[in-house]
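J.: You'll find model-v8.pdb just under this line, and it carries PDB, C-alpha atoms and all ligand atoms.
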ATOM      1  CA  ALA A   1      -4.349  -3.886 -46.221
ATOM      2  CA  LYS A   2      -0.868  -5.321 -45.998
ATOM      3  CA  ASN A   3       0.601  -1.841 -46.281
ATOM      4  CA  ARG A   4      -1.623  -0.475 -43.582
ATOM      5  CA  GLY A   5      -0.594  -3.337 -41.338
ATOM      6  CA  ARG A   6       3.050  -2.469 -41.891
ATOM      7  CA  ASN A   7       2.429   1.205 -41.108
ATOM      8  CA  ARG A   8       0.645   0.261 -37.992
ATOM      9  CA  LEU A   9       3.502  -1.995 -37.018
ATOM     10  CA  ARG A  10       6.000   0.825 -37.528
ATOM     11  CA  PHE A  11       3.829   3.159 -35.473
ATOM     12  CA  PHE A  12       3.658   0.540 -32.758
ATOM     13  CA  ASN A  13       7.453   0.165 -32.762
ATOM     14  CA  GLN A  14       7.922   3.909 -32.431
ATOM     15  CA  GLN A  15       5.618   3.917 -29.442
ATOM     16  CA  MET A  16       7.585   1.104 -27.866
ATOM     17  CA  GLN A  17      10.836   2.936 -28.541
ATOM     18  CA  LEU A  18       9.479   5.967 -26.781
ATOM     19  CA  ASP A  19       8.406   3.886 -23.802
ATOM     20  CA  VAL A  20      11.835   2.304 -23.512
ATOM     21  CA  THR A  21      13.474   5.745 -23.625
ATOM     22  CA  GLU A  22      11.000   7.130 -21.136
ATOM     23  CA  ARG A  23      11.705   4.253 -18.829
ATOM     24  CA  ALA A  24      15.450   4.820 -19.104
ATOM     25  CA  VAL A  25      14.995   8.512 -18.286
ATOM     26  CA  LEU A  26      12.778   7.631 -15.352
ATOM     27  CA  THR A  27      15.309   5.100 -14.069
ATOM     28  CA  ASN A  28      18.103   7.673 -14.136
ATOM     29  CA  ARG A  29      15.951  10.265 -12.429
ATOM     30  CA  LEU A  30      14.886   7.796  -9.766
ATOM     31  CA  ARG A  31      18.519   7.186  -8.797
ATOM     32  CA  THR A  32      18.835  10.771  -7.596
ATOM     33  CA  ALA A  33      15.235  11.319  -6.446
ATOM     34  CA  LEU A  34      15.834  10.414  -2.812
ATOM     35  CA  GLY A  35      19.023  12.498  -2.486
ATOM     36  CA  ASN A  36      17.337  15.447  -4.217
ATOM     37  CA  GLN A  37      14.430  15.298  -1.781
ATOM     38  CA  GLU A  38      11.891  14.768  -4.555
ATOM     39  CA  LEU A  39      10.145  11.976  -2.658
ATOM     40  CA  TYR A  40       7.512  12.608  -0.029
ATOM     41  CA  LEU A  41       4.722  10.731   1.697
ATOM     42  CA  GLU A  42       0.965  10.991   1.779
ATOM     43  CA  TYR A  43      -1.278   9.385   4.335
ATOM     44  CA  GLN A  44      -4.662   7.926   3.454
ATOM     45  CA  PRO A  45      -6.934   7.687   6.503
ATOM     46  CA  GLN A  46      -8.639   4.455   7.551
ATOM     47  CA  PHE A  47     -11.909   4.379   9.486
ATOM     48  CA  ASN A  48     -14.055   2.209  11.695
ATOM     49  CA  GLU A  49     -17.791   1.662  11.232
ATOM     50  CA  GLN A  50     -18.646   4.905  13.065
ATOM     51  CA  GLN A  51     -16.363   6.659  10.600
ATOM     52  CA  GLY A  52     -13.863   7.398  13.357
ATOM     53  CA  MET A  53     -10.277   7.436  12.183
ATOM     54  CA  ILE A  54      -8.236   4.404  13.225
ATOM     55  CA  GLY A  55      -5.048   4.993  11.288
ATOM     56  CA  ALA A  56      -3.597   5.580   7.849
ATOM     57  CA  GLU A  57      -1.763   3.967   4.960
ATOM     58  CA  VAL A  58       1.499   5.587   3.892
ATOM     59  CA  LEU A  59       1.698   6.202   0.131
ATOM     60  CA  LEU A  60       4.911   7.193  -1.602
ATOM     61  CA  ARG A  61       4.900  10.234  -3.900
ATOM     62  CA  TRP A  62       7.473  11.545  -6.349
ATOM     63  CA  HIS A  63       7.544  15.066  -7.720
ATOM     64  CA  HIS A  64      10.261  15.581 -10.341
ATOM     65  CA  PRO A  65      11.216  19.233 -11.038
ATOM     66  CA  GLU A  66      10.824  18.866 -14.839
ATOM     67  CA  HIS A  67       8.359  16.034 -15.292
ATOM     68  CA  GLY A  68       6.053  16.804 -12.377
ATOM     69  CA  HIS A  69       4.414  13.863 -10.609
ATOM     70  CA  TYR A  70       5.209  10.295 -11.513
ATOM     71  CA  ALA A  71       2.514   7.763 -10.575
ATOM     72  CA  PRO A  72       3.541   5.010  -8.136
ATOM     73  CA  ALA A  73       2.273   2.458 -10.667
ATOM     74  CA  ASP A  74       4.952   3.786 -13.062
ATOM     75  CA  PHE A  75       7.949   4.238 -10.780
ATOM     76  CA  ILE A  76       7.552   1.564  -8.106
ATOM     77  CA  PRO A  77       8.046  -1.323 -10.565
ATOM     78  CA  VAL A  78      11.236   0.438 -11.747
ATOM     79  CA  ALA A  79      12.367   0.911  -8.151
ATOM     80  CA  GLU A  80      11.785  -2.799  -7.561
ATOM     81  CA  ALA A  81      13.551  -3.924 -10.752
ATOM     82  CA  THR A  82      16.623  -1.763 -10.039
ATOM     83  CA  GLY A  83      16.780  -2.512  -6.324
ATOM     84  CA  LEU A  84      16.319   1.186  -5.541
ATOM     85  CA  ILE A  85      13.228   0.170  -3.570
ATOM     86  CA  VAL A  86      15.555  -0.955  -0.762
ATOM     87  CA  PRO A  87      17.020   2.486   0.131
ATOM     88  CA  ILE A  88      13.753   4.218  -0.802
ATOM     89  CA  GLY A  89      11.742   1.729   1.268
ATOM     90  CA  ASN A  90      14.089   2.250   4.224
ATOM     91  CA  TRP A  91      13.489   5.968   3.982
ATOM     92  CA  VAL A  92       9.702   5.371   3.918
ATOM     93  CA  LEU A  93       9.989   3.140   6.986
ATOM     94  CA  MET A  94      12.139   5.624   8.897
ATOM     95  CA  GLN A  95       9.692   8.471   8.197
ATOM     96  CA  SER A  96       6.832   6.188   9.216
ATOM     97  CA  CYS A  97       8.572   5.346  12.503
ATOM     98  CA  PHE A  98       9.032   9.069  13.250
ATOM     99  CA  THR A  99       5.320   9.625  12.581
ATOM    100  CA  LEU A 100       4.311   6.695  14.788
ATOM    101  CA  ALA A 101       6.545   7.986  17.568
ATOM    102  CA  ASP A 102       4.868  11.418  17.309
ATOM    103  CA  TRP A 103       1.434   9.822  17.465
ATOM    104  CA  SER A 104       2.342   7.760  20.509
ATOM    105  CA  ASN A 105       3.079  11.026  22.382
ATOM    106  CA  ASP A 106      -0.273  12.594  21.556
ATOM    107  CA  ALA A 107      -3.461  11.385  23.247
ATOM    108  CA  ARG A 108      -5.489  12.234  20.133
ATOM    109  CA  TYR A 109      -3.524   9.887  17.880
ATOM    110  CA  GLN A 110      -2.137   7.274  20.273
ATOM    111  CA  HIS A 111      -4.537   4.559  19.097
ATOM    112  CA  TRP A 112      -3.830   5.046  15.367
ATOM    113  CA  GLN A 113      -2.014   2.410  13.361
ATOM    114  CA  LEU A 114       0.225   3.158  10.407
ATOM    115  CA  ALA A 115       0.276   0.825   7.410
ATOM    116  CA  VAL A 116       3.375   0.726   5.178
ATOM    117  CA  ASN A 117       3.663  -1.084   1.834
ATOM    118  CA  ILE A 118       6.599  -3.463   1.585
ATOM    119  CA  SER A 119       8.015  -4.913  -1.648
ATOM    120  CA  ALA A 120       9.419  -8.402  -1.957
ATOM    121  CA  ARG A 121      12.874  -6.939  -2.608
ATOM    122  CA  GLN A 122      12.759  -5.353   0.840
ATOM    123  CA  LEU A 123      11.338  -8.329   2.675
ATOM    124  CA  LEU A 124      13.866 -10.681   1.108
ATOM    125  CA  ASP A 125      16.789  -8.399   2.005
ATOM    126  CA  SER A 126      18.812 -10.060   4.763
ATOM    127  CA  HIS A 127      19.141  -6.726   6.646
ATOM    128  CA  PHE A 128      15.440  -5.941   6.583
ATOM    129  CA  VAL A 129      14.445  -7.226  10.016
ATOM    130  CA  SER A 130      17.470  -5.899  11.913
ATOM    131  CA  GLY A 131      17.244  -2.595  10.031
ATOM    132  CA  LEU A 132      13.631  -2.133  11.030
ATOM    133  CA  ALA A 133      14.401  -3.139  14.620
ATOM    134  CA  ASP A 134      17.049  -0.378  14.707
ATOM    135  CA  MET A 135      14.605   2.196  13.348
ATOM    136  CA  LEU A 136      11.980   1.286  15.923
ATOM    137  CA  ALA A 137      14.532   1.482  18.724
ATOM    138  CA  GLN A 138      16.000   4.760  17.494
ATOM    139  CA  THR A 139      12.634   6.496  17.102
ATOM    140  CA  GLU A 140      10.924   4.753  20.042
ATOM    141  CA  ALA A 141       7.975   4.026  17.766
ATOM    142  CA  PRO A 142       5.560   1.375  19.105
ATOM    143  CA  PRO A 143       5.919  -1.764  16.916
ATOM    144  CA  GLN A 144       2.329  -2.820  17.709
ATOM    145  CA  ARG A 145       1.047   0.198  15.779
ATOM    146  CA  LEU A 146       3.102  -0.579  12.683
ATOM    147  CA  LEU A 147       1.362  -2.646  10.024
ATOM    148  CA  LEU A 148       3.368  -3.958   7.101
ATOM    149  CA  GLU A 149       1.343  -4.573   3.939
ATOM    150  CA  ILE A 150       2.557  -7.394   1.762
ATOM    151  CA  THR A 151       1.040  -9.113  -1.276
ATOM    152  CA  GLU A 152       0.847 -12.810  -1.943
ATOM    153  CA  SER A 153       2.615 -12.729  -5.288
ATOM    154  CA  GLN A 154       5.669 -11.221  -3.563
ATOM    155  CA  LEU A 155       6.050 -14.224  -1.338
ATOM    156  CA  LEU A 156       6.497 -16.586  -4.242
ATOM    157  CA  ASP A 157      10.091 -15.580  -4.998
ATOM    158  CA  ASP A 158      11.406 -17.214  -1.861
ATOM    159  CA  THR A 159       8.587 -18.497   0.276
ATOM    160  CA  GLU A 160      10.775 -19.936   2.990
ATOM    161  CA  LEU A 161      12.814 -16.777   3.584
ATOM    162  CA  ALA A 162       9.700 -14.587   3.359
ATOM    163  CA  HIS A 163       7.971 -16.695   6.026
ATOM    164  CA  LYS A 164      11.028 -16.625   8.261
ATOM    165  CA  GLN A 165      11.281 -12.849   8.036
ATOM    166  CA  LEU A 166       7.555 -12.371   8.660
ATOM    167  CA  TYR A 167       7.678 -14.531  11.794
ATOM    168  CA  GLN A 168      10.631 -12.528  13.107
ATOM    169  CA  LEU A 169       8.719  -9.311  12.490
ATOM    170  CA  ALA A 170       5.633 -10.733  14.205
ATOM    171  CA  ARG A 171       7.752 -11.684  17.223
ATOM    172  CA  MET A 172       8.874  -8.059  17.438
ATOM    173  CA  GLY A 173       5.194  -7.124  17.787
ATOM    174  CA  ILE A 174       4.836  -5.782  14.243
ATOM    175  CA  GLN A 175       1.511  -6.432  12.502
ATOM    176  CA  ILE A 176       1.264  -7.955   9.035
ATOM    177  CA  ALA A 177      -1.528  -7.280   6.527
ATOM    178  CA  MET A 178      -2.241  -9.116   3.291
ATOM    179  CA  ASP A 179      -2.832  -6.436   0.672
ATOM    180  CA  ASP A 180      -4.990  -6.780  -2.467
ATOM    181  CA  PHE A 181      -6.449  -9.932  -0.977
ATOM    182  CA  GLY A 182      -8.207 -12.191  -3.451
ATOM    183  CA  THR A 183      -6.197 -11.137  -6.495
ATOM    184  CA  GLY A 184      -3.102 -13.209  -5.865
ATOM    185  CA  TYR A 185      -2.142 -16.834  -5.963
ATOM    186  CA  SER A 186      -2.688 -19.461  -3.235
ATOM    187  CA  SER A 187      -4.584 -17.092  -0.954
ATOM    188  CA  LEU A 188      -5.805 -19.763   1.392
ATOM    189  CA  GLN A 189      -2.416 -21.371   1.822
ATOM    190  CA  SER A 190      -0.909 -18.096   3.029
ATOM    191  CA  LEU A 191      -3.788 -17.531   5.435
ATOM    192  CA  LYS A 192      -2.910 -20.752   7.135
ATOM    193  CA  ASN A 193       0.851 -20.287   7.194
ATOM    194  CA  LEU A 194       1.503 -16.624   7.874
ATOM    195  CA  PRO A 195       1.318 -14.575  11.117
ATOM    196  CA  LEU A 196      -1.374 -12.263   9.758
ATOM    197  CA  ARG A 197      -3.384  -9.615  11.535
ATOM    198  CA  GLN A 198      -5.374  -8.190   8.648
ATOM    199  CA  LEU A 199      -6.762  -8.797   5.160
ATOM    200  CA  LYS A 200      -7.365  -5.945   2.747
ATOM    201  CA  ILE A 201     -10.158  -6.633   0.277
ATOM    202  CA  ASP A 202      -8.853  -5.547  -3.105
ATOM    203  CA  ARG A 203     -10.610  -2.516  -4.506
ATOM    204  CA  SER A 204     -11.583  -4.383  -7.683
ATOM    205  CA  PHE A 205     -14.143  -6.327  -5.612
ATOM    206  CA  VAL A 206     -15.466  -3.183  -3.943
ATOM    207  CA  ARG A 207     -15.821  -1.305  -7.238
ATOM    208  CA  ASP A 208     -18.604  -3.512  -8.661
ATOM    209  CA  LEU A 209     -19.975  -4.744  -5.364
ATOM    210  CA  LEU A 210     -23.422  -3.234  -5.962
ATOM    211  CA  ASP A 211     -23.872  -4.450  -9.542
ATOM    212  CA  ASP A 212     -22.077  -7.764  -9.617
ATOM    213  CA  SER A 213     -23.355 -10.633  -7.503
ATOM    214  CA  SER A 214     -20.082 -12.568  -7.810
ATOM    215  CA  ASP A 215     -18.166  -9.621  -6.352
ATOM    216  CA  GLU A 216     -20.640  -9.532  -3.514
ATOM    217  CA  ALA A 217     -20.152 -13.259  -2.964
ATOM    218  CA  ILE A 218     -16.370 -12.795  -2.886
ATOM    219  CA  VAL A 219     -16.571  -9.934  -0.389
ATOM    220  CA  ARG A 220     -18.930 -11.977   1.765
ATOM    221  CA  THR A 221     -16.525 -14.910   1.680
ATOM    222  CA  ILE A 222     -13.484 -12.799   2.607
ATOM    223  CA  LEU A 223     -15.413 -11.314   5.544
ATOM    224  CA  ALA A 224     -16.449 -14.796   6.691
ATOM    225  CA  LEU A 225     -12.858 -16.020   6.402
ATOM    226  CA  GLY A 226     -11.661 -13.058   8.418
ATOM    227  CA  LYS A 227     -14.222 -13.736  11.089
ATOM    228  CA  SER A 228     -13.456 -17.419  11.498
ATOM    229  CA  LEU A 229      -9.691 -16.913  11.379
ATOM    230  CA  GLU A 230      -9.912 -13.871  13.688
ATOM    231  CA  LEU A 231      -8.365 -11.491  11.188
ATOM    232  CA  GLU A 232      -9.309  -7.872  10.727
ATOM    233  CA  VAL A 233     -10.733  -7.129   7.293
ATOM    234  CA  VAL A 234     -10.333  -3.713   5.659
ATOM    235  CA  ALA A 235     -12.262  -2.760   2.519
ATOM    236  CA  GLU A 236     -10.173  -0.690   0.096
ATOM    237  CA  GLY A 237     -11.351   1.691  -2.593
ATOM    238  CA  VAL A 238     -14.633   2.692  -0.946
ATOM    239  CA  GLU A 239     -15.745   5.530  -3.225
ATOM    240  CA  THR A 240     -19.432   6.017  -2.448
ATOM    241  CA  ALA A 241     -21.850   6.108   0.478
ATOM    242  CA  ALA A 242     -23.723   3.192  -1.118
ATOM    243  CA  GLN A 243     -20.571   1.048  -1.150
ATOM    244  CA  PHE A 244     -19.838   1.966   2.461
ATOM    245  CA  LYS A 245     -23.377   1.014   3.473
ATOM    246  CA  ALA A 246     -23.334  -2.268   1.562
ATOM    247  CA  LEU A 247     -19.975  -3.245   3.062
ATOM    248  CA  HIS A 248     -21.181  -2.344   6.518
ATOM    249  CA  GLN A 249     -24.293  -4.471   6.061
ATOM    250  CA  LEU A 250     -22.105  -7.398   4.965
ATOM    251  CA  GLY A 251     -20.221  -7.085   8.270
ATOM    252  CA  CYS A 252     -17.148  -5.106   7.263
ATOM    253  CA  ARG A 253     -15.765  -2.992  10.124
ATOM    254  CA  GLN A 254     -12.806  -1.141   8.614
ATOM    255  CA  PHE A 255     -12.767   1.094   5.578
ATOM    256  CA  GLN A 256     -10.440   3.036   3.317
ATOM    257  CA  GLY A 257     -11.281   4.984   0.182
ATOM    258  CA  PHE A 258     -11.957   8.298  -1.487
ATOM    259  CA  TYR A 259     -15.473   8.448   0.009
ATOM    260  CA  LEU A 260     -14.012   8.670   3.508
ATOM    261  CA  GLY A 261     -10.662  10.326   2.838
ATOM    262  CA  ARG A 262      -8.128  10.800   0.065
ATOM    263  CA  PRO A 263      -4.390  10.482   0.560
ATOM    264  CA  ALA A 264      -3.228  13.725   2.219
ATOM    265  CA  SER A 265      -0.357  15.382   4.042
ATOM    266  CA  LEU A 266      -0.083  14.813   7.791
ATOM    267  CA  GLU A 267      -1.174  18.411   8.419
ATOM    268  CA  GLN A 268      -4.296  17.901   6.305
ATOM    269  CA  LEU A 269      -5.008  14.671   8.144
ATOM    270  CA  TYR A 270      -4.840  16.349  11.562
ATOM    271  CA  THR A 271      -7.092  19.168  10.345
ATOM    272  CA  LEU A 272      -9.593  16.623   9.022
ATOM    273  CA  VAL A 273      -9.930  14.707  12.287
ATOM    274  CA  ASN A 274      -9.898  17.749  14.530
ATOM    275  CA  GLU A 275     -12.687  19.283  12.442
ATOM    276  CA  ARG A 276     -14.770  16.120  12.642
ATOM    277  CA  SER A 277     -14.542  15.670  16.387
TER     278      SER A 277
HETATM  279  P1  LIG A 301      -2.044  -0.090  -2.836
HETATM  280  O1  LIG A 301      -1.138  -0.569  -1.762
HETATM  281  O2  LIG A 301      -3.184  -0.976  -3.201
HETATM  282  O3  LIG A 301      -2.526   1.358  -2.364
HETATM  283  C1  LIG A 301      -3.815   1.863  -2.527
HETATM  284  C2  LIG A 301      -3.924   2.650  -3.803
HETATM  285  O4  LIG A 301      -5.306   2.907  -4.051
HETATM  286  C3  LIG A 301      -3.272   4.038  -3.721
HETATM  287  O5  LIG A 301      -2.781   4.348  -5.022
HETATM  288  C4  LIG A 301      -4.465   4.934  -3.353
HETATM  289  O6  LIG A 301      -4.280   6.280  -3.721
HETATM  290  C5  LIG A 301      -5.546   4.280  -4.163
HETATM  291  N1  LIG A 301      -6.882   4.506  -3.611
HETATM  292  C6  LIG A 301      -7.236   4.673  -2.334
HETATM  293  N2  LIG A 301      -8.570   4.831  -2.203
HETATM  294  C7  LIG A 301      -9.075   4.758  -3.450
HETATM  295  C8  LIG A 301     -10.421   4.858  -3.978
HETATM  296  O7  LIG A 301     -11.400   5.037  -3.268
HETATM  297  N3  LIG A 301     -10.536   4.710  -5.325
HETATM  298  C9  LIG A 301      -9.467   4.501  -6.152
HETATM  299  N4  LIG A 301      -9.707   4.400  -7.454
HETATM  300  N5  LIG A 301      -8.199   4.410  -5.679
HETATM  301  C10 LIG A 301      -8.007   4.531  -4.342
HETATM  302  P2  LIG A 301      -1.310   4.907  -5.253
HETATM  303  O8  LIG A 301      -0.941   5.868  -4.174
HETATM  304  O9  LIG A 301      -1.240   5.357  -6.675
HETATM  305  O10 LIG A 301      -0.396   3.633  -5.059
HETATM  306  C11 LIG A 301      -0.410   2.592  -5.983
HETATM  307  C12 LIG A 301       0.385   1.422  -5.469
HETATM  308  O11 LIG A 301       1.774   1.748  -5.353
HETATM  309  C13 LIG A 301      -0.022   0.963  -4.084
HETATM  310  O12 LIG A 301      -1.194   0.198  -4.180
HETATM  311  C14 LIG A 301       1.190   0.176  -3.667
HETATM  312  O13 LIG A 301       1.156  -1.127  -4.218
HETATM  313  C15 LIG A 301       2.312   0.954  -4.315
HETATM  314  N6  LIG A 301       2.953   1.817  -3.296
HETATM  315  C16 LIG A 301       2.598   3.045  -2.851
HETATM  316  N7  LIG A 301       3.463   3.496  -1.912
HETATM  317  C17 LIG A 301       4.394   2.523  -1.743
HETATM  318  C18 LIG A 301       5.562   2.384  -0.916
HETATM  319  O14 LIG A 301       5.918   3.219  -0.080
HETATM  320  N8  LIG A 301       6.287   1.222  -1.062
HETATM  321  C19 LIG A 301       5.920   0.241  -1.946
HETATM  322  N9  LIG A 301       6.671  -0.871  -2.018
HETATM  323  N10 LIG A 301       4.818   0.328  -2.721
HETATM  324  C20 LIG A 301       4.061   1.467  -2.630
HETATM  325 CA    CA A 302      -1.357  -1.160   0.262
HETATM  326 CA    CA A 303      -4.255  -2.558  -1.940
HETATM  327 CA    CA A 304      -1.680  -2.847  -5.153
END
Do you think you could lay out the structure here as structure tokens?
T.:
Amino acid sequence: AKNRGRNRLRFFNQQMQLDVTERAVLTNRLRTALGNQELYLEYQPQFNEQQGMIGAEVLLRWHHPEHGHYAPADFIPVAEATGLIVPIGNWVLMQSCFTLADWSNDARYQHWQLAVNISARQLLDSHFVSGLADMLAQTEAPPQRLLLEITESQLLDDTELAHKQLYQLARMGIQIAMDDFGTGYSSLQSLKNLPLRQLKIDRSFVRDLLDDSSDEAIVRTILALGKSLELEVVAEGVETAAQFKALHQLGCRQFQGFYLGRPASLEQLYTLVNERS
């Protein structure tokens, strides 16, 4: 048994070695990904209760010529750890501003909002607010239609600076959403202290909503909080008609998930809505 344990340990170490090497390769590749135009964006549509489209969330994608697609869950933590998320995130924001500016010139899309994920490293960068102000000015994108998605855990690194930056953004008319709501730390504290427009119910609560009464209780509570604090509430990860119906019955008014629309290119998104209407 002892021997087997040792073999298993060696096997485990080899696996770890591989992961460390893989991570090093990924890190090197990520340094050139932006310059090599390997990064692109997808847009996941968001809907109201009548299943009309109200906007989209921007999701970063990476296609490497040899490896193929890397999952955001694999490369975004590396981008954050190396600081590469700052130039990459700026690129995401600039593209998003161009898209918002296009929408604002088209009666069909004028009312859509665009949600962009922001990492702590970006928010805590001293140039973040002025940089974004420049992008909005340069593209003439409407700040009121831009929604920045942050998570609670990100704010912990430097709460004071994060709050200061968020208030400056809010004063510029930019909307702030709390992503993955309910999974982080000190949720209620941040509700009180931050200039929030929206809460996004984490998809872990939506997943088991129909079979787990505590998930239902949590969703109910988040919706009640949203109502009394006058915050929009978006349910994420809606995968089935039954989940959509249950959420609707609980009072949810905004939805995102594979049931309603998968992340897609802008062209696909326009085709989707023009077919529906
Ligand atoms: P997130 O912000 O929670 O984004 C939603 C994730 O859920 C996306 O995964 C989306 O494809 C997935 N999703 C949407 N609907 C469903 C559904 O019905 N079922 C299931 N199972 N999944 C659904 P994705 O694109 O892999 O992104 C993962 C995470 O990577 C994001 O989670 C976000 O935290 C991060 N991320 C993505 N793009 C960016 C970016 O531009 N900047 C930063 N900082 N983070 C990003
Ligand atoms: Ca998000
Ligand atoms: Ca989320
Ligand atoms: Ca997330």
J.: On this structure, which residues satisfy the PyMOL selection byres (((not hetatm)) within 6 of (chain A and resi 302)), written as a ChimeraX atom specification?
T.: /A:117,149,179
J.: Kindly save the residues from that selection, with C-alpha atoms included, as a compact mmCIF listing (two decimals), keeping the file's coordinate frame.
T.:
# COMPACT_ATOMS: atom_id res chain seq x y z
CA ASN A 117 3.66 -1.08 1.83
CA GLU A 149 1.34 -4.57 3.94
CA ASP A 179 -2.83 -6.44 0.67
J.: Using all atoms listed in the file, determine which residues fall within 10 Å of ligand CA 303 (chain A), then list them as a list in words.
T.: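 Final answer, ordered by chain and number: Glu57, Asn117, Glu149, Ile150, Thr151, Met178, Asp179, Asp180, Phe181, Thr183, Leu199, Lys200, Ile201, Asp202, Arg203, Ser204, Val234, Ala235, Glu236, Gly237 and Gln256 of chain A.
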J.: Output the residue selection produced by the PyMOL selection byres (((chain A and resi 261) around 10) and not hetatm) on the file above, formatted as a list in words.
T.: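 That selection, the PyMOL selection byres (((chain A and resi 261) around 10) and not hetatm), comes back as Tyr43, Gln44, Pro45, Gln46, Phe47, Met53, Ala56, Val238, Glu239, Phe255, Gln256, Gly257, Phe258, Tyr259, Leu260, Arg262, Pro263, Ala264, Leu269 and Leu272 of chain A.
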J.: Calculate how many Å separate atom CA of Val116 of chain A from atom CA of Pro195 of chain A, rounding to one decimal.
T.: 16.5 Å
J.: Is it possible to get the axis-aligned box enclosing ligand LIG 301 (chain A) (all listed atoms, 8 Å extra per side) as AutoDock Vina command-line options, with centre and edge lengths in Å rounded to one decimal?
T.:
--center_x -2.4 --center_y 2.6 --center_z -3.8 --size_x 34.1 --size_y 23.4 --size_z 23.4
J.: Give me, please, the distance in Å between atom N10 of ligand LIG 301 (chain A) and atom CA of Ile85 of chain A, quoted to one decimal.
T.: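 It comes out at 8.5 Å.
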